[in-house]
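The file coords08.cif comes next; it holds mmCIF, N, CA and C atoms.
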```
data_my_file
loop_
_atom_site.group_PDB
_atom_site.id
_atom_site.type_symbol
_atom_site.label_atom_id
_atom_site.label_comp_id
_atom_site.auth_asym_id
_atom_site.auth_seq_id
_atom_site.Cartn_x
_atom_site.Cartn_y
_atom_site.Cartn_z
ATOM 1 N N MET T 1 -90.622 -57.786 15.411
ATOM 2 C CA MET T 1 -91.312 -56.898 16.318
ATOM 3 C C MET T 1 -90.405 -55.702 16.612
ATOM 4 N N SER T 2 -90.980 -54.494 16.677
ATOM 5 C CA SER T 2 -90.168 -53.297 16.911
ATOM 6 C C SER T 2 -89.779 -53.182 18.381
ATOM 7 N N GLU T 3 -88.673 -52.530 18.589
ATOM 8 C CA GLU T 3 -88.152 -52.335 19.937
ATOM 9 C C GLU T 3 -88.906 -51.190 20.613
ATOM 10 N N ARG T 4 -89.280 -51.390 21.863
ATOM 11 C CA ARG T 4 -89.977 -50.337 22.608
ATOM 12 C C ARG T 4 -88.963 -49.320 23.096
ATOM 13 N N ARG T 5 -89.337 -48.064 22.987
ATOM 14 C CA ARG T 5 -88.462 -46.987 23.439
ATOM 15 C C ARG T 5 -89.050 -46.340 24.687
ATOM 16 N N SER T 6 -88.188 -45.796 25.506
ATOM 17 C CA SER T 6 -88.651 -45.130 26.719
ATOM 18 C C SER T 6 -89.198 -43.749 26.383
ATOM 19 N N TRP T 7 -89.926 -43.183 27.331
ATOM 20 C CA TRP T 7 -90.447 -41.830 27.166
ATOM 21 C C TRP T 7 -89.308 -40.841 26.936
ATOM 22 N N ASN T 8 -88.236 -40.963 27.688
ATOM 23 C CA ASN T 8 -87.098 -40.055 27.536
ATOM 24 C C ASN T 8 -86.496 -40.148 26.131
ATOM 25 N N GLU T 9 -86.411 -41.342 25.596
ATOM 26 C CA GLU T 9 -85.885 -41.502 24.238
ATOM 27 C C GLU T 9 -86.804 -40.846 23.204
ATOM 28 N N LEU T 10 -88.100 -41.047 23.366
ATOM 29 C CA LEU T 10 -89.057 -40.429 22.450
ATOM 30 C C LEU T 10 -89.015 -38.905 22.560
ATOM 31 N N ARG T 11 -88.938 -38.400 23.788
ATOM 32 C CA ARG T 11 -88.859 -36.955 23.995
ATOM 33 C C ARG T 11 -87.612 -36.382 23.350
ATOM 34 N N ASP T 12 -86.470 -37.005 23.581
ATOM 35 C CA ASP T 12 -85.213 -36.526 23.018
ATOM 36 C C ASP T 12 -85.249 -36.543 21.489
ATOM 37 N N GLU T 13 -85.826 -37.582 20.941
ATOM 38 C CA GLU T 13 -85.931 -37.678 19.478
ATOM 39 C C GLU T 13 -86.828 -36.564 18.934
ATOM 40 N N THR T 14 -87.934 -36.335 19.584
ATOM 41 C CA THR T 14 -88.859 -35.290 19.154
ATOM 42 C C THR T 14 -88.225 -33.911 19.277
ATOM 43 N N LEU T 15 -87.533 -33.665 20.386
ATOM 44 C CA LEU T 15 -86.953 -32.344 20.621
ATOM 45 C C LEU T 15 -85.715 -32.084 19.774
ATOM 46 N N ALA T 16 -85.265 -33.072 19.042
ATOM 47 C CA ALA T 16 -84.151 -32.856 18.123
ATOM 48 C C ALA T 16 -84.594 -31.983 16.947
ATOM 49 N N SER T 17 -85.890 -31.930 16.694
ATOM 50 C CA SER T 17 -86.441 -31.073 15.637
ATOM 51 C C SER T 17 -86.414 -29.625 16.116
ATOM 52 N N PRO T 18 -85.868 -28.696 15.319
ATOM 53 C CA PRO T 18 -85.825 -27.279 15.728
ATOM 54 C C PRO T 18 -87.211 -26.696 16.019
ATOM 55 N N GLU T 19 -88.210 -27.082 15.233
ATOM 56 C CA GLU T 19 -89.563 -26.571 15.453
ATOM 57 C C GLU T 19 -90.132 -27.068 16.776
ATOM 58 N N ALA T 20 -89.907 -28.329 17.067
ATOM 59 C CA ALA T 20 -90.404 -28.886 18.321
ATOM 60 C C ALA T 20 -89.667 -28.273 19.506
ATOM 61 N N ARG T 21 -88.377 -28.056 19.379
ATOM 62 C CA ARG T 21 -87.593 -27.444 20.454
ATOM 63 C C ARG T 21 -88.093 -26.032 20.738
ATOM 64 N N GLU T 22 -88.381 -25.282 19.676
ATOM 65 C CA GLU T 22 -88.883 -23.910 19.836
ATOM 66 C C GLU T 22 -90.227 -23.911 20.565
ATOM 67 N N ALA T 23 -91.111 -24.805 20.183
ATOM 68 C CA ALA T 23 -92.418 -24.893 20.837
ATOM 69 C C ALA T 23 -92.266 -25.316 22.300
ATOM 70 N N TYR T 24 -91.358 -26.244 22.559
ATOM 71 C CA TYR T 24 -91.097 -26.707 23.927
ATOM 72 C C TYR T 24 -90.562 -25.563 24.783
ATOM 73 N N ASP T 25 -89.632 -24.787 24.244
ATOM 74 C CA ASP T 25 -89.071 -23.657 24.985
ATOM 75 C C ASP T 25 -90.129 -22.599 25.259
ATOM 76 N N ALA T 26 -90.996 -22.330 24.293
ATOM 77 C CA ALA T 26 -92.071 -21.350 24.479
ATOM 78 C C ALA T 26 -93.032 -21.815 25.562
ATOM 79 N N ALA T 27 -93.334 -23.111 25.577
ATOM 80 C CA ALA T 27 -94.212 -23.644 26.617
ATOM 81 C C ALA T 27 -93.568 -23.489 27.995
ATOM 82 N N GLY T 28 -92.258 -23.675 28.060
ATOM 83 C CA GLY T 28 -91.549 -23.502 29.330
ATOM 84 C C GLY T 28 -91.628 -22.076 29.841
ATOM 85 N N ILE T 29 -91.505 -21.119 28.932
ATOM 86 C CA ILE T 29 -91.616 -19.709 29.311
ATOM 87 C C ILE T 29 -93.014 -19.419 29.843
ATOM 88 N N ARG T 30 -94.031 -19.878 29.136
ATOM 89 C CA ARG T 30 -95.417 -19.657 29.583
ATOM 90 C C ARG T 30 -95.638 -20.269 30.959
ATOM 91 N N PHE T 31 -95.128 -21.485 31.164
ATOM 92 C CA PHE T 31 -95.297 -22.162 32.444
ATOM 93 C C PHE T 31 -94.611 -21.385 33.571
ATOM 94 N N GLU T 32 -93.385 -20.938 33.342
ATOM 95 C CA GLU T 32 -92.642 -20.206 34.368
ATOM 96 C C GLU T 32 -93.312 -18.880 34.716
ATOM 97 N N LEU T 33 -93.775 -18.145 33.713
ATOM 98 C CA LEU T 33 -94.467 -16.889 33.976
ATOM 99 C C LEU T 33 -95.754 -17.132 34.763
ATOM 100 N N GLY T 34 -96.513 -18.125 34.361
ATOM 101 C CA GLY T 34 -97.760 -18.447 35.064
ATOM 102 C C GLY T 34 -97.505 -18.841 36.501
ATOM 103 N N ALA T 35 -96.482 -19.645 36.725
ATOM 104 C CA ALA T 35 -96.160 -20.078 38.087
ATOM 105 C C ALA T 35 -95.732 -18.895 38.955
ATOM 106 N N ALA T 36 -94.970 -17.975 38.380
ATOM 107 C CA ALA T 36 -94.517 -16.804 39.133
ATOM 108 C C ALA T 36 -95.700 -15.929 39.549
ATOM 109 N N VAL T 37 -96.646 -15.732 38.638
ATOM 110 C CA VAL T 37 -97.835 -14.937 38.959
ATOM 111 C C VAL T 37 -98.664 -15.648 40.026
ATOM 112 N N ARG T 38 -98.877 -16.939 39.879
ATOM 113 C CA ARG T 38 -99.659 -17.699 40.856
ATOM 114 C C ARG T 38 -99.015 -17.644 42.241
ATOM 115 N N GLU T 39 -97.698 -17.835 42.310
ATOM 116 C CA GLU T 39 -97.009 -17.812 43.604
ATOM 117 C C GLU T 39 -97.152 -16.453 44.287
ATOM 118 N N ARG T 40 -96.986 -15.369 43.521
ATOM 119 C CA ARG T 40 -97.116 -14.032 44.093
ATOM 120 C C ARG T 40 -98.558 -13.765 44.532
ATOM 121 N N ARG T 41 -99.517 -14.161 43.696
ATOM 122 C CA ARG T 41 -100.929 -13.968 44.036
ATOM 123 C C ARG T 41 -101.267 -14.693 45.325
ATOM 124 N N GLU T 42 -100.812 -15.938 45.435
ATOM 125 C CA GLU T 42 -101.089 -16.719 46.643
ATOM 126 C C GLU T 42 -100.381 -16.126 47.861
ATOM 127 N N ALA T 43 -99.167 -15.612 47.676
ATOM 128 C CA ALA T 43 -98.441 -14.981 48.784
ATOM 129 C C ALA T 43 -99.189 -13.750 49.296
ATOM 130 N N LEU T 44 -99.922 -13.093 48.403
ATOM 131 C CA LEU T 44 -100.718 -11.916 48.790
ATOM 132 C C LEU T 44 -102.126 -12.305 49.245
ATOM 133 N N ALA T 45 -102.397 -13.599 49.297
ATOM 134 C CA ALA T 45 -103.713 -14.127 49.690
ATOM 135 C C ALA T 45 -104.830 -13.566 48.807
ATOM 136 N N MET T 46 -104.543 -13.467 47.521
ATOM 137 C CA MET T 46 -105.527 -12.978 46.555
ATOM 138 C C MET T 46 -106.136 -14.153 45.805
ATOM 139 N N THR T 47 -107.381 -14.001 45.423
ATOM 140 C CA THR T 47 -108.006 -14.985 44.548
ATOM 141 C C THR T 47 -107.712 -14.595 43.099
ATOM 142 N N GLN T 48 -107.973 -15.522 42.197
ATOM 143 C CA GLN T 48 -107.831 -15.199 40.786
ATOM 144 C C GLN T 48 -108.788 -14.086 40.396
ATOM 145 N N ALA T 49 -109.980 -14.098 40.961
ATOM 146 C CA ALA T 49 -110.967 -13.063 40.650
ATOM 147 C C ALA T 49 -110.482 -11.694 41.118
ATOM 148 N N GLN T 50 -109.866 -11.638 42.278
ATOM 149 C CA GLN T 50 -109.342 -10.358 42.780
ATOM 150 C C GLN T 50 -108.208 -9.851 41.891
ATOM 151 N N LEU T 51 -107.313 -10.735 41.494
ATOM 152 C CA LEU T 51 -106.229 -10.336 40.605
ATOM 153 C C LEU T 51 -106.794 -9.864 39.273
ATOM 154 N N ALA T 52 -107.759 -10.595 38.755
ATOM 155 C CA ALA T 52 -108.371 -10.218 37.483
ATOM 156 C C ALA T 52 -108.969 -8.825 37.572
ATOM 157 N N GLN T 53 -109.678 -8.543 38.637
ATOM 158 C CA GLN T 53 -110.297 -7.225 38.788
ATOM 159 C C GLN T 53 -109.234 -6.131 38.848
ATOM 160 N N ARG T 54 -108.184 -6.342 39.611
ATOM 161 C CA ARG T 54 -107.115 -5.347 39.728
ATOM 162 C C ARG T 54 -106.390 -5.121 38.401
ATOM 163 N N ALA T 55 -106.272 -6.184 37.588
ATOM 164 C CA ALA T 55 -105.539 -6.095 36.323
ATOM 165 C C ALA T 55 -106.441 -5.768 35.134
ATOM 166 N N GLY T 56 -107.744 -5.652 35.373
ATOM 167 C CA GLY T 56 -108.666 -5.368 34.287
ATOM 168 C C GLY T 56 -108.882 -6.547 33.363
ATOM 169 N N LEU T 57 -108.895 -7.743 33.944
ATOM 170 C CA LEU T 57 -109.065 -8.975 33.176
ATOM 171 C C LEU T 57 -110.284 -9.736 33.690
ATOM 172 N N GLN T 58 -110.603 -10.822 33.022
ATOM 173 C CA GLN T 58 -111.615 -11.758 33.502
ATOM 174 C C GLN T 58 -110.904 -12.887 34.248
ATOM 175 N N GLN T 59 -111.549 -13.478 35.225
ATOM 176 C CA GLN T 59 -110.944 -14.554 36.012
ATOM 177 C C GLN T 59 -110.472 -15.719 35.151
ATOM 178 N N PRO T 60 -111.231 -16.159 34.128
ATOM 179 C CA PRO T 60 -110.732 -17.262 33.297
ATOM 180 C C PRO T 60 -109.412 -16.933 32.590
ATOM 181 N N ALA T 61 -109.207 -15.660 32.248
ATOM 182 C CA ALA T 61 -107.945 -15.266 31.606
ATOM 183 C C ALA T 61 -106.786 -15.434 32.576
ATOM 184 N N VAL T 62 -107.006 -15.110 33.844
ATOM 185 C CA VAL T 62 -105.960 -15.304 34.860
ATOM 186 C C VAL T 62 -105.693 -16.795 35.038
ATOM 187 N N ALA T 63 -106.752 -17.592 35.078
ATOM 188 C CA ALA T 63 -106.579 -19.041 35.237
ATOM 189 C C ALA T 63 -105.775 -19.621 34.080
ATOM 190 N N ARG T 64 -106.096 -19.236 32.848
ATOM 191 C CA ARG T 64 -105.349 -19.735 31.682
ATOM 192 C C ARG T 64 -103.892 -19.298 31.749
ATOM 193 N N PHE T 65 -103.667 -18.037 32.126
ATOM 194 C CA PHE T 65 -102.304 -17.525 32.222
ATOM 195 C C PHE T 65 -101.508 -18.308 33.263
ATOM 196 N N GLU T 66 -102.089 -18.498 34.441
ATOM 197 C CA GLU T 66 -101.384 -19.213 35.507
ATOM 198 C C GLU T 66 -101.094 -20.664 35.133
ATOM 199 N N ALA T 67 -101.916 -21.240 34.292
ATOM 200 C CA ALA T 67 -101.716 -22.624 33.841
ATOM 201 C C ALA T 67 -100.724 -22.717 32.691
ATOM 202 N N GLY T 68 -100.222 -21.573 32.228
ATOM 203 C CA GLY T 68 -99.276 -21.579 31.117
ATOM 204 C C GLY T 68 -99.937 -21.700 29.769
ATOM 205 N N GLY T 69 -101.228 -21.385 29.704
ATOM 206 C CA GLY T 69 -101.973 -21.572 28.471
ATOM 207 C C GLY T 69 -101.910 -20.435 27.475
ATOM 208 N N THR T 70 -101.297 -19.323 27.851
ATOM 209 C CA THR T 70 -101.231 -18.192 26.920
ATOM 210 C C THR T 70 -99.842 -17.567 26.958
ATOM 211 N N MET T 71 -99.416 -17.062 25.801
ATOM 212 C CA MET T 71 -98.159 -16.315 25.725
ATOM 213 C C MET T 71 -98.534 -14.845 25.853
ATOM 214 N N PRO T 72 -98.162 -14.208 26.954
ATOM 215 C CA PRO T 72 -98.611 -12.843 27.207
ATOM 216 C C PRO T 72 -97.834 -11.801 26.415
ATOM 217 N N THR T 73 -98.465 -10.657 26.256
ATOM 218 C CA THR T 73 -97.795 -9.501 25.682
ATOM 219 C C THR T 73 -97.135 -8.718 26.819
ATOM 220 N N LEU T 74 -96.229 -7.831 26.470
ATOM 221 C CA LEU T 74 -95.608 -6.990 27.501
ATOM 222 C C LEU T 74 -96.635 -6.124 28.229
ATOM 223 N N PRO T 75 -97.602 -5.508 27.531
ATOM 224 C CA PRO T 75 -98.602 -4.737 28.268
ATOM 225 C C PRO T 75 -99.386 -5.581 29.279
ATOM 226 N N LEU T 76 -99.699 -6.829 28.940
ATOM 227 C CA LEU T 76 -100.396 -7.698 29.888
ATOM 228 C C LEU T 76 -99.510 -7.989 31.092
ATOM 229 N N LEU T 77 -98.238 -8.282 30.852
ATOM 230 C CA LEU T 77 -97.322 -8.529 31.962
ATOM 231 C C LEU T 77 -97.201 -7.302 32.860
ATOM 232 N N GLU T 78 -97.185 -6.115 32.261
ATOM 233 C CA GLU T 78 -97.129 -4.882 33.057
ATOM 234 C C GLU T 78 -98.375 -4.727 33.916
ATOM 235 N N ARG T 79 -99.542 -5.023 33.357
ATOM 236 C CA ARG T 79 -100.793 -4.938 34.129
ATOM 237 C C ARG T 79 -100.797 -5.921 35.282
ATOM 238 N N LEU T 80 -100.344 -7.140 35.032
ATOM 239 C CA LEU T 80 -100.285 -8.133 36.102
ATOM 240 C C LEU T 80 -99.275 -7.724 37.173
ATOM 241 N N ALA T 81 -98.127 -7.242 36.746
ATOM 242 C CA ALA T 81 -97.105 -6.808 37.706
ATOM 243 C C ALA T 81 -97.659 -5.711 38.611
ATOM 244 N N MET T 82 -98.278 -4.702 38.025
ATOM 245 C CA MET T 82 -98.846 -3.609 38.817
ATOM 246 C C MET T 82 -99.905 -4.128 39.789
ATOM 247 N N ALA T 83 -100.763 -5.022 39.316
ATOM 248 C CA ALA T 83 -101.825 -5.574 40.157
ATOM 249 C C ALA T 83 -101.259 -6.394 41.316
ATOM 250 N N LEU T 84 -100.055 -6.920 41.130
ATOM 251 C CA LEU T 84 -99.404 -7.735 42.165
ATOM 252 C C LEU T 84 -98.402 -6.929 42.988
ATOM 253 N N GLY T 85 -98.335 -5.635 42.752
ATOM 254 C CA GLY T 85 -97.399 -4.791 43.490
ATOM 255 C C GLY T 85 -95.955 -5.045 43.113
ATOM 256 N N LEU T 86 -95.728 -5.342 41.850
ATOM 257 C CA LEU T 86 -94.384 -5.647 41.359
ATOM 258 C C LEU T 86 -94.002 -4.708 40.228
ATOM 259 N N ARG T 87 -92.720 -4.683 39.932
ATOM 260 C CA ARG T 87 -92.194 -3.964 38.776
ATOM 261 C C ARG T 87 -91.743 -5.010 37.764
ATOM 262 N N LEU T 88 -92.188 -4.863 36.528
ATOM 263 C CA LEU T 88 -91.789 -5.804 35.473
ATOM 264 C C LEU T 88 -90.372 -5.492 35.039
ATOM 265 N N ARG T 89 -89.560 -6.536 34.937
ATOM 266 C CA ARG T 89 -88.186 -6.403 34.449
ATOM 267 C C ARG T 89 -87.989 -7.441 33.352
ATOM 268 N N VAL T 90 -87.536 -6.984 32.199
ATOM 269 C CA VAL T 90 -87.315 -7.864 31.053
ATOM 270 C C VAL T 90 -85.845 -7.769 30.678
ATOM 271 N N GLY T 91 -85.235 -8.887 30.340
ATOM 272 C CA GLY T 91 -83.826 -8.863 29.972
ATOM 273 C C GLY T 91 -83.470 -9.994 29.037
ATOM 274 N N PHE T 92 -82.238 -9.981 28.639
ATOM 275 C CA PHE T 92 -81.694 -11.025 27.772
ATOM 276 C C PHE T 92 -80.543 -11.696 28.490
ATOM 277 N N GLU T 93 -80.301 -12.956 28.147
ATOM 278 C CA GLU T 93 -79.144 -13.664 28.682
ATOM 279 C C GLU T 93 -78.552 -14.524 27.588
ATOM 280 N N PRO T 94 -77.264 -14.805 27.669
ATOM 281 C CA PRO T 94 -76.631 -15.645 26.641
ATOM 282 C C PRO T 94 -77.295 -17.028 26.590
ATOM 283 N N LEU T 95 -77.370 -17.595 25.401
ATOM 284 C CA LEU T 95 -77.987 -18.903 25.235
ATOM 285 C C LEU T 95 -77.308 -19.979 26.056
ATOM 286 N N ASP T 96 -75.998 -19.881 26.249
ATOM 287 C CA ASP T 96 -75.320 -20.933 27.002
ATOM 288 C C ASP T 96 -75.656 -20.891 28.485
ATOM 289 N N ARG T 97 -76.288 -19.812 28.952
ATOM 290 C CA ARG T 97 -76.709 -19.725 30.355
ATOM 291 C C ARG T 97 -78.190 -19.958 30.503
ATOM 292 N N ALA T 98 -78.940 -19.959 29.415
ATOM 293 C CA ALA T 98 -80.388 -20.161 29.479
ATOM 294 C C ALA T 98 -80.671 -21.607 29.814
ATOM 295 N N SER T 99 -81.738 -21.803 30.565
ATOM 296 C CA SER T 99 -82.126 -23.184 30.914
ATOM 297 C C SER T 99 -83.477 -23.536 30.370
#
```
Whole structure, structure tokens version:
Amino acid sequence: MSERRSWNELRDETLASPEAREAYDAAGIRFELGAAVRERREALAMTQAQLAQRAGLQQPAVARFEAGGTMPTLPLLERLAMALGLRLRVGFEPLDRAS
């Protein structure tokens, strides 16, 4: 009978693949961007529909973005930033400091 492995062991084994690690990191970026937009929108007491209207989007697109379901383009991020009263800032950091 085979030995049962924990979820953490399976995750670590899967993420040892460079392709899987890249996809995992991309999902993390999408999640973080979506969470940041949602937090700011909620702080401004805006609905998704209101944000969508201000950014020239449809409400389902905002919902997908906030859920981390889409990888945005820079122009989309700029539109969302403007609609939220923010300035978009993009930068690079050394890999050893990235989380």
Those of chain T in DSSP helix (DSSP H, G or I), formatted as a VMD selection string
chain T and resid 7 to 15 18 to 43 48 to 55 59 to 66 74 to 83 95 to 97
Run the PyMOL selection byres ((chain T and resi 84) around 8) against the file shown and list the residues it catches, as a list in words.
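Given this file, the PyMOL selection byres ((chain T and resi 84) around 8) evaluates to Arg40, Arg41, Leu44, Leu51, Arg54, Ala55, Glu78, Arg79, Leu80, Ala81, Met82, Ala83, Gly85, Leu86 and Arg87 of chain T.
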Could you check how far atom C of Glu66 (chain T) sits from CA of Phe92 (chain T), in Å to one decimal?
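Distance between the two atoms: 22.9 Å.
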Given the PyMOL selection byres (((chain T and resi 30 and name CA) around 12) and name CA) and the file above, list the residues it selects as a PDB file with N, CA and C atoms, in the coordinates of the input.
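Final output, saved to selection_29.pdb:
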```
ATOM      1  N   ALA T  23     -91.111 -24.805  20.183  1.00  0.00           N
ATOM      2  CA  ALA T  23     -92.418 -24.893  20.837  1.00  0.00           C
ATOM      3  C   ALA T  23     -92.266 -25.316  22.300  1.00  0.00           C
ATOM      4  N   TYR T  24     -91.358 -26.244  22.559  1.00  0.00           N
ATOM      5  CA  TYR T  24     -91.097 -26.707  23.927  1.00  0.00           C
ATOM      6  C   TYR T  24     -90.562 -25.563  24.783  1.00  0.00           C
ATOM      7  N   ASP T  25     -89.632 -24.787  24.244  1.00  0.00           N
ATOM      8  CA  ASP T  25     -89.071 -23.657  24.985  1.00  0.00           C
ATOM      9  C   ASP T  25     -90.129 -22.599  25.259  1.00  0.00           C
ATOM     10  N   ALA T  26     -90.996 -22.330  24.293  1.00  0.00           N
ATOM     11  CA  ALA T  26     -92.071 -21.350  24.479  1.00  0.00           C
ATOM     12  C   ALA T  26     -93.032 -21.815  25.562  1.00  0.00           C
ATOM     13  N   ALA T  27     -93.334 -23.111  25.577  1.00  0.00           N
ATOM     14  CA  ALA T  27     -94.212 -23.644  26.617  1.00  0.00           C
ATOM     15  C   ALA T  27     -93.568 -23.489  27.995  1.00  0.00           C
ATOM     16  N   GLY T  28     -92.258 -23.675  28.060  1.00  0.00           N
ATOM     17  CA  GLY T  28     -91.549 -23.502  29.330  1.00  0.00           C
ATOM     18  C   GLY T  28     -91.628 -22.076  29.841  1.00  0.00           C
ATOM     19  N   ILE T  29     -91.505 -21.119  28.932  1.00  0.00           N
ATOM     20  CA  ILE T  29     -91.616 -19.709  29.311  1.00  0.00           C
ATOM     21  C   ILE T  29     -93.014 -19.419  29.843  1.00  0.00           C
ATOM     22  N   PHE T  31     -95.128 -21.485  31.164  1.00  0.00           N
ATOM     23  CA  PHE T  31     -95.297 -22.162  32.444  1.00  0.00           C
ATOM     24  C   PHE T  31     -94.611 -21.385  33.571  1.00  0.00           C
ATOM     25  N   GLU T  32     -93.385 -20.938  33.342  1.00  0.00           N
ATOM     26  CA  GLU T  32     -92.642 -20.206  34.368  1.00  0.00           C
ATOM     27  C   GLU T  32     -93.312 -18.880  34.716  1.00  0.00           C
ATOM     28  N   LEU T  33     -93.775 -18.145  33.713  1.00  0.00           N
ATOM     29  CA  LEU T  33     -94.467 -16.889  33.976  1.00  0.00           C
ATOM     30  C   LEU T  33     -95.754 -17.132  34.763  1.00  0.00           C
ATOM     31  N   GLY T  34     -96.513 -18.125  34.361  1.00  0.00           N
ATOM     32  CA  GLY T  34     -97.760 -18.447  35.064  1.00  0.00           C
ATOM     33  C   GLY T  34     -97.505 -18.841  36.501  1.00  0.00           C
ATOM     34  N   ALA T  35     -96.482 -19.645  36.725  1.00  0.00           N
ATOM     35  CA  ALA T  35     -96.160 -20.078  38.087  1.00  0.00           C
ATOM     36  C   ALA T  35     -95.732 -18.895  38.955  1.00  0.00           C
ATOM     37  N   ALA T  36     -94.970 -17.975  38.380  1.00  0.00           N
ATOM     38  CA  ALA T  36     -94.517 -16.804  39.133  1.00  0.00           C
ATOM     39  C   ALA T  36     -95.700 -15.929  39.549  1.00  0.00           C
ATOM     40  N   VAL T  37     -96.646 -15.732  38.638  1.00  0.00           N
ATOM     41  CA  VAL T  37     -97.835 -14.937  38.959  1.00  0.00           C
ATOM     42  C   VAL T  37     -98.664 -15.648  40.026  1.00  0.00           C
ATOM     43  N   ARG T  64    -106.096 -19.236  32.848  1.00  0.00           N
ATOM     44  CA  ARG T  64    -105.349 -19.735  31.682  1.00  0.00           C
ATOM     45  C   ARG T  64    -103.892 -19.298  31.749  1.00  0.00           C
ATOM     46  N   PHE T  65    -103.667 -18.037  32.126  1.00  0.00           N
ATOM     47  CA  PHE T  65    -102.304 -17.525  32.222  1.00  0.00           C
ATOM     48  C   PHE T  65    -101.508 -18.308  33.263  1.00  0.00           C
ATOM     49  N   GLU T  66    -102.089 -18.498  34.441  1.00  0.00           N
ATOM     50  CA  GLU T  66    -101.384 -19.213  35.507  1.00  0.00           C
ATOM     51  C   GLU T  66    -101.094 -20.664  35.133  1.00  0.00           C
ATOM     52  N   ALA T  67    -101.916 -21.240  34.292  1.00  0.00           N
ATOM     53  CA  ALA T  67    -101.716 -22.624  33.841  1.00  0.00           C
ATOM     54  C   ALA T  67    -100.724 -22.717  32.691  1.00  0.00           C
ATOM     55  N   GLY T  68    -100.222 -21.573  32.228  1.00  0.00           N
ATOM     56  CA  GLY T  68     -99.276 -21.579  31.117  1.00  0.00           C
ATOM     57  C   GLY T  68     -99.937 -21.700  29.769  1.00  0.00           C
ATOM     58  N   GLY T  69    -101.228 -21.385  29.704  1.00  0.00           N
ATOM     59  CA  GLY T  69    -101.973 -21.572  28.471  1.00  0.00           C
ATOM     60  C   GLY T  69    -101.910 -20.435  27.475  1.00  0.00           C
ATOM     61  N   THR T  70    -101.297 -19.323  27.851  1.00  0.00           N
ATOM     62  CA  THR T  70    -101.231 -18.192  26.920  1.00  0.00           C
ATOM     63  C   THR T  70     -99.842 -17.567  26.958  1.00  0.00           C
ATOM     64  N   MET T  71     -99.416 -17.062  25.801  1.00  0.00           N
ATOM     65  CA  MET T  71     -98.159 -16.315  25.725  1.00  0.00           C
ATOM     66  C   MET T  71     -98.534 -14.845  25.853  1.00  0.00           C
ATOM     67  N   PRO T  72     -98.162 -14.208  26.954  1.00  0.00           N
ATOM     68  CA  PRO T  72     -98.611 -12.843  27.207  1.00  0.00           C
ATOM     69  C   PRO T  72     -97.834 -11.801  26.415  1.00  0.00           C
ATOM     70  N   THR T  73     -98.465 -10.657  26.256  1.00  0.00           N
ATOM     71  CA  THR T  73     -97.795  -9.501  25.682  1.00  0.00           C
ATOM     72  C   THR T  73     -97.135  -8.718  26.819  1.00  0.00           C
ATOM     73  N   LEU T  77     -98.238  -8.282  30.852  1.00  0.00           N
ATOM     74  CA  LEU T  77     -97.322  -8.529  31.962  1.00  0.00           C
ATOM     75  C   LEU T  77     -97.201  -7.302  32.860  1.00  0.00           C
TER      76      LEU T  77
END
```
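If you look at CA of Gln59 (chain T) and CA of Met46 (chain T), they are 12.0 Å away from each other.
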Report, in Å with one decimal, the straight-line distance from CA of Arg38 (chain T) to atom C of Val62 (chain T).
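Going from CA of Arg38 (chain T) over to atom C of Val62 (chain T), I get 8.4 Å.
Using only C-alpha atoms, the nearest neighbour of Ala61 (chain T) within the list T:Leu15, T:Leu10, T:Ala43, T:Leu76 is T:Leu76.
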